[in-house]
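Coordinates as given in coords_6.cif (mmCIF, C-alpha atoms):
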data_data
#
loop_
_atom_site.label_atom_id
_atom_site.label_comp_id
_atom_site.auth_asym_id
_atom_site.auth_seq_id
_atom_site.Cartn_x
_atom_site.Cartn_y
_atom_site.Cartn_z
CA MET A 1 -44.88 23.56 -6.02
CA ARG A 2 -44.20 20.56 -8.22
CA VAL A 3 -40.85 18.81 -7.77
CA SER A 4 -40.18 19.13 -11.50
CA PHE A 5 -40.01 22.93 -11.21
CA PRO A 6 -36.95 23.26 -8.92
CA ILE A 7 -35.23 20.41 -10.76
CA GLY A 8 -35.79 22.08 -14.14
CA GLU A 9 -34.76 25.46 -12.76
CA ALA A 10 -31.60 23.97 -11.25
CA PHE A 11 -30.62 22.32 -14.54
CA ALA A 12 -31.23 25.58 -16.37
CA ASN A 13 -29.10 27.53 -13.89
CA VAL A 14 -26.28 25.00 -14.16
CA ARG A 15 -26.48 24.88 -17.96
CA THR A 16 -26.48 28.67 -18.42
CA GLY A 17 -23.83 29.32 -15.77
CA THR A 18 -26.15 31.21 -13.49
CA ALA A 19 -25.33 28.81 -10.65
CA ARG A 20 -21.58 29.33 -11.22
CA SER A 21 -21.32 25.58 -10.74
CA GLY A 22 -18.33 25.18 -13.05
CA LEU A 23 -15.95 27.16 -10.87
CA LEU A 24 -17.42 25.63 -7.70
CA ALA A 25 -16.97 22.12 -9.11
CA VAL A 26 -13.35 22.80 -10.06
CA VAL A 27 -12.48 24.24 -6.63
CA ILE A 28 -14.07 21.36 -4.71
CA LEU A 29 -12.53 18.77 -7.06
CA VAL A 30 -9.06 20.26 -6.59
CA VAL A 31 -9.47 20.36 -2.81
CA VAL A 32 -10.59 16.72 -2.68
CA LEU A 33 -7.87 15.49 -5.02
CA VAL A 34 -5.07 17.39 -3.26
CA ALA A 35 -6.08 15.93 0.12
CA ILE A 36 -6.31 12.39 -1.23
CA LEU A 37 -3.09 12.68 -3.24
CA PHE A 38 -1.26 13.97 -0.14
CA ASP A 39 -2.52 10.99 1.84
CA THR A 40 -1.64 8.56 -0.95
CA VAL A 41 1.92 9.89 -1.14
CA SER A 42 2.22 9.52 2.66
CA VAL A 43 1.10 5.90 2.41
CA VAL A 44 3.54 5.32 -0.48
CA LEU A 45 6.43 6.62 1.65
CA ILE A 46 5.46 4.38 4.57
CA SER A 47 5.06 1.42 2.23
CA SER A 48 8.37 2.11 0.45
CA LYS A 49 10.26 2.21 3.73
CA ALA A 50 8.73 -1.10 4.77
CA GLU A 51 9.44 -2.62 1.34
CA SER A 52 13.09 -1.53 1.42
CA PHE A 53 13.41 -3.07 4.87
CA ARG A 54 11.83 -6.29 3.60
CA GLU A 55 14.01 -6.46 0.45
CA ALA A 56 17.13 -6.13 2.61
CA GLY A 57 16.03 -9.15 4.63
CA GLY A 58 15.32 -7.10 7.74
CA ALA A 59 12.01 -8.88 8.33
CA VAL A 60 13.59 -12.36 8.26
CA ARG A 61 14.33 -14.13 11.54
CA VAL A 62 16.79 -17.04 11.54
CA LEU A 63 16.60 -19.94 13.96
CA VAL A 64 19.75 -22.04 14.25
CA ALA A 65 19.59 -25.49 15.86
CA ARG A 66 22.24 -27.81 14.45
CA ASP A 67 20.45 -30.74 12.76
CA GLY A 68 17.48 -29.99 15.00
CA VAL A 69 15.04 -28.22 12.66
CA ASP A 70 12.04 -30.22 11.47
CA VAL A 71 11.82 -29.15 7.81
CA ASP A 72 8.11 -29.92 7.46
CA ALA A 73 7.30 -27.94 10.62
CA CYS A 74 9.42 -25.05 9.37
CA GLU A 75 7.63 -25.04 6.01
CA ARG A 76 4.22 -25.08 7.70
CA LEU A 77 5.01 -21.83 9.52
CA GLY A 78 4.64 -20.00 6.22
CA ARG A 79 0.95 -20.93 6.11
CA ILE A 80 0.16 -19.28 9.46
CA ALA A 81 -1.61 -15.93 9.40
CA GLY A 82 0.89 -13.10 9.85
CA VAL A 83 3.87 -15.09 8.58
CA VAL A 84 4.95 -14.05 5.09
CA ALA A 85 7.08 -17.11 4.26
CA SER A 86 9.35 -19.68 5.86
CA GLY A 87 11.81 -22.35 4.85
CA ALA A 88 14.72 -24.50 5.96
CA VAL A 89 18.41 -24.15 5.10
CA GLN A 90 21.13 -26.78 5.52
CA GLU A 91 24.84 -26.32 4.91
CA GLN A 92 26.32 -29.07 2.71
CA ALA A 93 29.83 -30.16 1.83
CA PRO A 94 31.67 -27.51 -0.22
CA VAL A 95 31.75 -27.85 -4.01
CA VAL A 96 35.07 -28.10 -5.84
CA MET A 97 35.00 -27.10 -9.52
CA ASP A 98 37.28 -28.84 -11.98
CA ALA A 99 38.20 -25.45 -13.47
CA MET A 100 39.33 -24.15 -10.06
CA PRO A 101 40.48 -27.20 -8.08
CA GLY A 102 41.98 -25.09 -5.32
CA LEU A 103 38.73 -23.32 -4.52
CA LYS A 104 36.11 -24.81 -2.23
CA VAL A 105 32.78 -23.07 -2.80
CA PRO A 106 30.19 -23.15 0.03
CA HIS A 107 27.08 -25.16 -0.74
CA TYR A 108 23.61 -24.81 0.82
CA ALA A 109 20.49 -26.92 0.36
CA LEU A 110 17.12 -25.18 0.61
CA SER A 111 13.56 -26.25 1.12
CA PRO A 112 10.97 -24.75 -1.30
CA GLY A 113 9.97 -22.10 1.23
CA ALA A 114 13.54 -20.90 1.65
CA ALA A 115 13.93 -20.69 -2.13
CA ASP A 116 10.83 -18.52 -2.21
CA LEU A 117 12.29 -16.28 0.49
CA LEU A 118 15.36 -15.71 -1.69
CA GLY A 119 13.24 -14.99 -4.76
CA ILE A 120 14.49 -18.02 -6.66
CA ASP A 121 12.41 -19.00 -9.68
CA VAL A 122 12.56 -22.75 -9.12
CA VAL A 123 13.02 -25.07 -12.11
CA ASP A 124 11.80 -28.62 -11.65
CA ARG A 125 14.96 -30.49 -12.60
CA ALA A 126 18.37 -31.26 -11.16
CA GLY A 127 20.79 -28.37 -11.02
CA PHE A 128 21.94 -25.46 -8.93
CA TYR A 129 21.46 -21.70 -8.52
CA LEU A 130 23.93 -18.87 -8.03
CA PRO A 131 23.74 -15.26 -6.84
CA THR A 132 23.61 -12.99 -9.89
CA SER A 133 26.87 -11.22 -9.02
CA LEU A 134 28.75 -14.52 -8.64
CA ALA A 135 27.38 -15.89 -11.94
CA GLU A 136 28.50 -12.72 -13.72
CA GLN A 137 31.93 -12.94 -12.09
CA TRP A 138 32.34 -16.50 -13.40
CA GLY A 139 30.89 -15.61 -16.80
CA MET A 140 27.99 -18.05 -16.40
CA HIS A 141 24.36 -17.76 -17.43
CA THR A 142 21.23 -19.85 -17.09
CA GLY A 143 21.82 -23.18 -18.81
CA SER A 144 25.60 -23.16 -18.35
CA LEU A 145 27.15 -26.51 -17.39
CA ILE A 146 29.96 -26.91 -14.91
CA GLU A 147 32.07 -29.90 -13.88
CA THR A 148 32.49 -30.40 -10.15
CA ASP A 149 33.80 -33.07 -7.81
CA SER A 150 30.25 -34.44 -7.59
CA GLY A 151 29.61 -34.49 -11.33
CA ARG A 152 28.26 -32.17 -14.00
CA GLY A 153 25.73 -29.57 -12.91
CA GLU A 154 23.50 -27.09 -14.73
CA LEU A 155 22.92 -23.51 -13.68
CA LEU A 156 19.12 -23.34 -13.48
CA GLY A 157 18.89 -19.67 -12.57
CA THR A 158 20.23 -16.79 -10.52
CA PHE A 159 18.93 -14.69 -7.66
CA GLU A 160 19.73 -11.22 -6.34
CA PHE A 161 21.73 -11.18 -3.16
CA ASP A 162 23.40 -7.97 -1.92
CA GLU A 163 26.10 -8.78 0.63
CA THR A 164 26.90 -5.10 1.22
CA ASP A 165 23.69 -4.08 3.01
CA GLY A 166 24.44 -5.87 6.27
CA ARG A 167 22.66 -9.17 5.66
CA ASP A 168 24.17 -12.60 6.38
CA PRO A 169 26.73 -12.83 3.52
CA ARG A 170 27.12 -16.62 3.37
CA LEU A 171 24.94 -17.15 0.30
CA ALA A 172 26.60 -14.37 -1.67
CA ASN A 173 29.37 -16.74 -2.78
CA ALA A 174 27.76 -20.17 -2.65
CA PHE A 175 26.14 -22.89 -4.69
CA VAL A 176 22.48 -23.26 -3.81
CA ASP A 177 20.15 -26.10 -4.69
CA LEU A 178 16.83 -27.57 -3.58
CA ALA A 179 16.85 -30.80 -1.65
CA VAL A 180 14.39 -33.15 -0.01
CA MET A 181 15.26 -32.97 3.69
CA LYS A 182 13.70 -34.18 6.89
CA MET A 183 16.02 -32.29 9.20
CA ALA A 184 18.02 -29.11 8.78
CA SER A 185 20.07 -26.75 10.89
CA GLU A 186 18.28 -23.48 10.14
CA CYS A 187 14.73 -22.23 9.75
CA TRP A 188 14.17 -18.83 8.17
CA MET A 189 10.90 -17.00 8.70
CA GLU A 190 9.81 -13.66 7.23
CA THR A 191 7.45 -11.65 9.42
CA PRO A 192 5.67 -8.33 8.81
CA PRO A 193 8.07 -5.34 8.86
CA GLY A 194 8.34 -3.98 12.39
CA ALA A 195 7.35 -7.26 14.08
CA GLY A 196 10.87 -7.73 15.44
CA SER A 197 11.20 -10.68 17.80
CA SER A 198 7.47 -10.99 18.52
CA TYR A 199 7.25 -14.11 16.33
CA ASP A 200 10.27 -15.86 17.87
CA ASP A 201 8.20 -18.17 20.08
CA LEU A 202 6.36 -19.34 16.98
CA LEU A 203 9.65 -19.86 15.17
CA ARG A 204 10.88 -22.11 17.98
CA THR A 205 8.11 -24.60 17.15
CA ALA A 206 10.15 -25.57 14.07
CA VAL A 207 12.63 -27.36 16.34
CA ALA A 208 12.06 -31.13 16.40
CA PRO A 209 10.63 -32.36 19.75
CA ASP A 210 13.60 -34.61 20.47
CA ALA A 211 16.02 -31.74 19.81
CA VAL A 212 14.35 -29.11 22.00
CA THR A 213 16.35 -30.03 25.09
CA THR A 214 19.57 -31.08 23.36
CA ALA A 215 20.13 -28.53 20.60
CA ASP A 216 21.71 -25.15 21.15
CA ILE A 217 18.90 -22.92 19.83
CA GLN A 218 19.70 -19.40 18.70
CA ILE A 219 17.48 -16.84 16.96
CA SER A 220 18.72 -13.68 15.29
CA ALA A 221 17.85 -11.21 12.55
CA PHE A 222 18.99 -12.13 9.05
CA ASN A 223 20.00 -8.49 8.55
CA PRO A 224 20.47 -6.65 11.85
CA ALA A 225 21.91 -3.59 10.07
CA VAL A 226 18.57 -2.30 8.72
CA HIS A 227 15.75 -0.80 10.72
CA VAL A 228 12.19 0.00 9.73
CA GLY A 229 11.67 2.43 12.61
CA ALA A 230 8.22 2.52 14.17
CA ASP A 231 5.73 -0.22 13.50
CA GLY A 232 4.47 0.20 9.93
CA TYR A 233 0.85 -0.39 10.87
CA ARG A 234 1.03 2.20 13.64
CA GLU A 235 2.67 4.68 11.28
CA PHE A 236 -0.15 4.09 8.82
CA GLN A 237 -2.82 4.53 11.49
CA GLU A 238 -1.23 7.69 12.90
CA ARG A 239 -0.19 9.38 9.65
CA PRO A 240 -1.01 13.13 9.80
CA SER A 241 -2.26 13.16 6.20
CA LYS A 242 -5.41 11.22 7.11
CA TYR A 243 -6.66 14.29 8.97
CA GLY A 244 -6.58 16.12 5.67
CA LEU A 245 -9.33 13.77 4.50
CA LEU A 246 -11.46 15.00 7.40
CA ALA A 247 -10.58 18.65 6.83
CA VAL A 248 -11.64 18.46 3.20
CA VAL A 249 -15.26 18.04 4.34
CA VAL A 250 -15.13 21.35 6.18
CA VAL A 251 -13.30 23.07 3.31
CA ALA A 252 -15.82 21.79 0.74
CA ALA A 253 -18.72 23.02 2.91
CA ILE A 254 -17.14 26.46 3.36
CA VAL A 255 -16.38 26.83 -0.35
CA ALA A 256 -19.93 25.84 -1.31
CA ALA A 257 -21.41 28.12 1.33
CA GLY A 258 -19.31 31.02 0.09
CA ALA A 259 -20.43 30.41 -3.49
CA THR A 260 -24.09 30.50 -2.46
CA ALA A 261 -23.64 33.53 -0.21
CA ARG A 262 -22.27 35.51 -3.17
CA ARG A 263 -25.64 35.02 -4.88
CA ARG A 264 -27.66 36.81 -2.18
CA LEU A 265 -28.59 39.62 -4.53
CA GLU A 266 -29.84 37.10 -7.08
CA MET A 267 -31.82 35.27 -4.40
CA SER A 268 -33.33 38.53 -3.13
CA SER A 269 -34.33 39.44 -6.66
CA ASN A 270 -36.06 36.08 -7.09
CA LEU A 271 -37.99 36.63 -3.86
CA HIS A 272 -39.00 40.09 -5.04
CA ALA A 273 -40.24 38.49 -8.27
CA GLY A 274 -42.54 36.11 -6.35
CA ALA A 275 -40.44 33.04 -5.55
CA THR A 276 -40.83 31.58 -2.07
CA HIS A 277 -38.09 30.82 0.40
CA ILE A 278 -38.63 27.08 -0.03
CA ASP A 279 -38.35 27.55 -3.82
CA LEU A 280 -34.89 29.02 -3.39
CA VAL A 281 -33.82 26.28 -0.99
CA MET A 282 -35.02 23.52 -3.32
CA VAL A 283 -33.43 25.03 -6.42
CA THR A 284 -30.14 25.57 -4.58
CA LEU A 285 -30.28 22.00 -3.27
CA PHE A 286 -30.68 20.53 -6.74
CA GLU A 287 -27.99 22.81 -8.15
CA SER A 288 -25.63 21.55 -5.45
CA LEU A 289 -26.58 17.91 -6.08
CA ILE A 290 -25.95 18.25 -9.81
CA THR A 291 -22.59 19.92 -9.20
CA VAL A 292 -21.33 17.50 -6.58
CA PHE A 293 -22.48 14.48 -8.59
CA VAL A 294 -20.15 15.55 -11.39
CA VAL A 295 -17.39 16.29 -8.86
CA GLY A 296 -17.87 12.91 -7.17
CA MET A 297 -17.69 10.94 -10.43
CA ALA A 298 -14.62 12.84 -11.62
CA ALA A 299 -12.90 12.51 -8.24
CA PHE A 300 -13.59 8.78 -8.07
CA ALA A 301 -12.15 8.20 -11.56
CA VAL A 302 -8.98 10.19 -10.85
CA VAL A 303 -8.47 8.72 -7.36
CA ALA A 304 -8.98 5.15 -8.59
CA TRP A 305 -6.33 5.76 -11.27
CA ILE A 306 -3.89 7.32 -8.76
CA VAL A 307 -4.25 4.50 -6.23
CA ARG A 308 -3.87 1.76 -8.85
CA LEU A 309 -0.81 3.54 -10.23
CA LEU A 310 0.98 4.26 -6.94
CA LEU A 311 -0.28 1.49 -4.63
CA PRO A 312 -1.70 -1.35 -6.73
CA ALA A 313 -1.29 -3.90 -3.93
CA ALA A 314 -3.28 -1.75 -1.49
CA THR A 315 -6.10 -0.74 -3.84
CA ASP A 316 -8.68 -2.93 -2.13
CA GLN A 317 -7.83 -1.42 1.26
CA LEU A 318 -7.42 2.26 0.32
CA LEU A 319 -9.99 2.83 -2.40
CA PRO A 320 -13.07 2.20 -0.19
CA ALA A 321 -11.69 4.67 2.38
CA TYR A 322 -11.08 7.30 -0.29
CA VAL A 323 -14.52 6.76 -1.82
CA SER A 324 -16.02 7.32 1.64
CA SER A 325 -14.02 10.55 1.92
CA ILE A 326 -15.32 11.70 -1.47
CA VAL A 327 -18.91 10.91 -0.52
CA VAL A 328 -18.64 12.76 2.80
CA ALA A 329 -16.93 15.71 1.09
CA VAL A 330 -19.66 16.11 -1.53
CA LEU A 331 -22.34 15.80 1.15
CA GLY A 332 -20.56 18.55 3.07
CA ALA A 333 -20.59 20.66 -0.10
CA VAL A 334 -24.35 20.11 -0.48
CA LEU A 335 -25.03 21.14 3.10
CA GLY A 336 -22.72 24.11 2.76
CA GLY A 337 -24.41 25.12 -0.47
CA ILE A 338 -27.92 25.30 0.98
CA ALA A 339 -26.99 26.59 4.45
CA PRO A 340 -26.78 30.32 3.54
CA ILE A 341 -30.28 30.18 2.04
CA ALA A 342 -31.91 27.70 4.40
CA PHE A 343 -30.92 29.69 7.49
CA LEU A 344 -31.34 33.18 6.03
CA SER A 345 -34.67 34.92 6.58
CA GLU A 346 -36.64 36.50 3.76
CA SER A 347 -36.37 39.91 5.42
CA ARG A 348 -32.57 39.59 5.43
CA LEU A 349 -32.59 38.67 1.75
CA PHE A 350 -34.83 41.65 0.96
CA ARG A 351 -32.47 43.96 2.84
CA SER A 352 -29.62 42.54 0.75
CA PHE A 353 -31.62 43.27 -2.37
CA LYS A 354 -32.33 46.87 -1.31
CA ARG A 355 -28.64 47.47 -0.52
CA ARG A 356 -27.66 45.62 -3.74
CA ILE A 357 -25.08 43.49 -1.93
#
Structure rendered as structure tokens:
Amino acid sequence: MRVSFPIGEAFANVRTGTARSGLLAVVILVVVLVAILFDTVSVVLISSKAESFREAGGAVRVLVARDGVDVDACERLGRIAGVVASGAVQEQAPVVMDAMPGLKVPHYALSPGAADLLGIDVVDRAGFYLPTSLAEQWGMHTGSLIETDSGRGELLGTFEFDETDGRDPRLANAFVDLAVMKMASECWMETPPGAGSSYDDLLRTAVAPDAVTTADIQISAFNPAVHVGADGYREFQERPSKYGLLAVVVVAAIVAAGATARRRLEMSSNLHAGATHIDLVMVTLFESLITVFVVGMAAFAVVAWIVRLLLPAATDQLLPAYVSSIVVAVLGAVLGGIAPIAFLSESRLFRSFKRRI
């Protein structure tokens, strides 16, 4: 038998609907997409919980050592693998505004890394920054000028700072600016959600050598009121939805096998007409390959769109895993499709033909 014969026969069966490949393709595609969508939603929930924890400052650890923090060492921590960002903070003399001479407003100087931790869009000129809520309360906006006891200052920008979620509230009502500092009193370091105090020994390296034995060193959470629960990575690794990706292989194989088994009468008729057992196996194989190729391409397109829409930052990590699941699922469908014919004897097929079942 020439290879072109079963290939041509398979294409003809798919084109005319004899192979019932349309319904089979839809069923397998739906099964694959439901399993992957369920897993994607599970990952989104885990990621959202970790992101909420991070936005509330729960992943930030604060080291306090009065005038004992080496600013350069603190900044360098942010370049270490596993550390998200780091920066130094130093309390300055309060600011007195000419418009409110009786009010002393707290004032903090930040290193560039600390500004990044607060989400401040730094402008490269002299000026100050305010929490958005405080700027609105004072009726100020970016570019506003204000007279203070240290001269005229420009509001260069604002940053979001929620003092109601349990975080350290000091910066919620303070002037903030960037300053060139050698020493500071605080070093802030953001770690992966769920890391807890495991990075504290690393954070202690920000203390200047000559201050290690003299400074009173304390480390605490920037926002002790929020909790991420179990370690995010462990939650991801142990998520129940990933087993759905394994189950879809079995489901796809069973569905394909069932579709082929329903064609026993047709197969028996072909044998009666002179086709060989190997002919039937080869034709069924190529029918399955054609069907699952279409399913695989459609599934990949839809899954790629879903992942980029729901988890754009994790596309590079998740998409290869989902593509592997699609490939294994379609291979399972191919094996399931040919199994009822490959392991069914000709005599059994003839008996099916005689009984018309």
Determine the residue membership of the PyMOL selection byres ((chain A and resi 333) around 9) for the file above and supply it as a JSON list (two decimals) with C-alpha atoms, in the coordinates of the input.
[["chain", "number", "residue", "atom", "x", "y", "z"],
["A", 28, "ILE", "CA", -14.07, 21.36, -4.71],
["A", 249, "VAL", "CA", -15.26, 18.04, 4.34],
["A", 250, "VAL", "CA", -15.13, 21.35, 6.18],
["A", 251, "VAL", "CA", -13.30, 23.07, 3.31],
["A", 252, "ALA", "CA", -15.82, 21.79, 0.74],
["A", 253, "ALA", "CA", -18.72, 23.02, 2.91],
["A", 254, "ILE", "CA", -17.14, 26.46, 3.36],
["A", 255, "VAL", "CA", -16.38, 26.83, -0.35],
["A", 256, "ALA", "CA", -19.93, 25.84, -1.31],
["A", 257, "ALA", "CA", -21.41, 28.12, 1.33],
["A", 288, "SER", "CA", -25.63, 21.55, -5.45],
["A", 289, "LEU", "CA", -26.58, 17.91, -6.08],
["A", 292, "VAL", "CA", -21.33, 17.50, -6.58],
["A", 328, "VAL", "CA", -18.64, 12.76, 2.80],
["A", 329, "ALA", "CA", -16.93, 15.71, 1.09],
["A", 330, "VAL", "CA", -19.66, 16.11, -1.53],
["A", 331, "LEU", "CA", -22.34, 15.80, 1.15],
["A", 332, "GLY", "CA", -20.56, 18.55, 3.07],
["A", 334, "VAL", "CA", -24.35, 20.11, -0.48],
["A", 335, "LEU", "CA", -25.03, 21.14, 3.10],
["A", 336, "GLY", "CA", -22.72, 24.11, 2.76],
["A", 337, "GLY", "CA", -24.41, 25.12, -0.47],
["A", 338, "ILE", "CA", -27.92, 25.30, 0.98]]
Could you tell me which residues the PyMOL selection byres ((chain A and resi 240) around 12) returns for this structure, as a PyMOL selection string? chain A and resi 35+38-43+234-239+241-247
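Neighbours of stretch 147-154 of chain A closer than or equal to 7 Å, with only C-alpha atoms counted and sequence neighbours fewer than 3 positions away skipped, come out as A:Val95, A:Val96, A:Met97, A:Asp98, A:Gly127, A:Phe128, A:Gly143, A:Ser144.
Between atom CA of A:Ala208 and atom CA of A:Leu77 the separation is 13.5 Å.
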Pick out the residues sitting within 12 Å of A:Ala301, and hand them over as a ChimeraX atom specification; count all atoms listed in the file, and ignore anything fewer than 3 positions along from it in its own chain. /A:29,33,294-298,304-308,319,322-323,326
Mind working out the centre and edge lengths of an axis-aligned box for stretch 312-323 of chain A, all listed atoms inside, 5 Å added to each side, rounded to one decimal in Å and written as JSON?
{"center_x": -7.9, "center_y": 1.7, "center_z": -2.2, "size_x": 23.2, "size_y": 21.2, "size_z": 19.1}
Would you translate the PyMOL selection byres ((chain A and resi 201) around 12) into the concrete set of residues it matches in this file, as a PyMOL selection string? chain A and resi 61+63+77+189+196-200+202-207+217-219
Using only C-alpha atoms, the residue out of A:Leu110, A:Val122, A:Leu134, A:Leu23 with shortest distance to A:Val89 is A:Leu110
Skipping near chain neighbours, those fewer than 6 positions away, what residues fall within 9 Å of A:Pro224 using only C-alpha atoms, listed as a ChimeraX atom specification? /A:57-58,166-168
Any chance you could export the current selection's C-alpha atoms as a PDB file, keeping the file's coordinate frame?
ATOM      1  CA  GLY A  57      16.030  -9.150   4.630  1.00  0.00           C
ATOM      2  CA  GLY A  58      15.320  -7.100   7.740  1.00  0.00           C
ATOM      3  CA  GLY A 166      24.440  -5.870   6.270  1.00  0.00           C
ATOM      4  CA  ARG A 167      22.660  -9.170   5.660  1.00  0.00           C
ATOM      5  CA  ASP A 168      24.170 -12.600   6.380  1.00  0.00           C
TER       6      ASP A 168
END
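Put simply, atom CA of A:Thr132 is 26.8 Å away from atom CA of A:Cys74.
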If I put a ball of radius 10 Å at (13.8, -26.2, 1.5) in the file's coordinates, which residues poke into it when counting all atoms listed in the file, written as a PDB file with C-alpha atoms, in the coordinates of the input?
ATOM      1  CA  VAL A  71      11.820 -29.150   7.810  1.00  0.00           C
ATOM      2  CA  ASP A  72       8.110 -29.920   7.460  1.00  0.00           C
ATOM      3  CA  CYS A  74       9.420 -25.050   9.370  1.00  0.00           C
ATOM      4  CA  GLU A  75       7.630 -25.040   6.010  1.00  0.00           C
ATOM      5  CA  SER A  86       9.350 -19.680   5.860  1.00  0.00           C
ATOM      6  CA  GLY A  87      11.810 -22.350   4.850  1.00  0.00           C
ATOM      7  CA  ALA A  88      14.720 -24.500   5.960  1.00  0.00           C
ATOM      8  CA  VAL A  89      18.410 -24.150   5.100  1.00  0.00           C
ATOM      9  CA  GLN A  90      21.130 -26.780   5.520  1.00  0.00           C
ATOM     10  CA  TYR A 108      23.610 -24.810   0.820  1.00  0.00           C
ATOM     11  CA  ALA A 109      20.490 -26.920   0.360  1.00  0.00           C
ATOM     12  CA  LEU A 110      17.120 -25.180   0.610  1.00  0.00           C
ATOM     13  CA  SER A 111      13.560 -26.250   1.120  1.00  0.00           C
ATOM     14  CA  PRO A 112      10.970 -24.750  -1.300  1.00  0.00           C
ATOM     15  CA  GLY A 113       9.970 -22.100   1.230  1.00  0.00           C
ATOM     16  CA  ALA A 114      13.540 -20.900   1.650  1.00  0.00           C
ATOM     17  CA  ALA A 115      13.930 -20.690  -2.130  1.00  0.00           C
ATOM     18  CA  ASP A 116      10.830 -18.520  -2.210  1.00  0.00           C
ATOM     19  CA  ASP A 177      20.150 -26.100  -4.690  1.00  0.00           C
ATOM     20  CA  LEU A 178      16.830 -27.570  -3.580  1.00  0.00           C
ATOM     21  CA  ALA A 179      16.850 -30.800  -1.650  1.00  0.00           C
ATOM     22  CA  VAL A 180      14.390 -33.150  -0.010  1.00  0.00           C
ATOM     23  CA  MET A 181      15.260 -32.970   3.690  1.00  0.00           C
ATOM     24  CA  LYS A 182      13.700 -34.180   6.890  1.00  0.00           C
ATOM     25  CA  ALA A 184      18.020 -29.110   8.780  1.00  0.00           C
ATOM     26  CA  CYS A 187      14.730 -22.230   9.750  1.00  0.00           C
ATOM     27  CA  TRP A 188      14.170 -18.830   8.170  1.00  0.00           C
TER      28      TRP A 188
END
Calculate how many Å separate atom CA of A:Val105 from atom CA of A:Arg54, rounding to one decimal. 27.6 Å
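Among the candidates A:Val123, A:Val84, A:Met140, A:Ala65, the one nearest to A:Thr191 when counting all atoms listed in the file is A:Val84.
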Identify which of the residues A:Leu117, A:Val212, A:Leu171, A:Ile80 lies closest to A:Gly68, counting all atoms listed in the file when measuring atom-to-atom distances. A:Val212
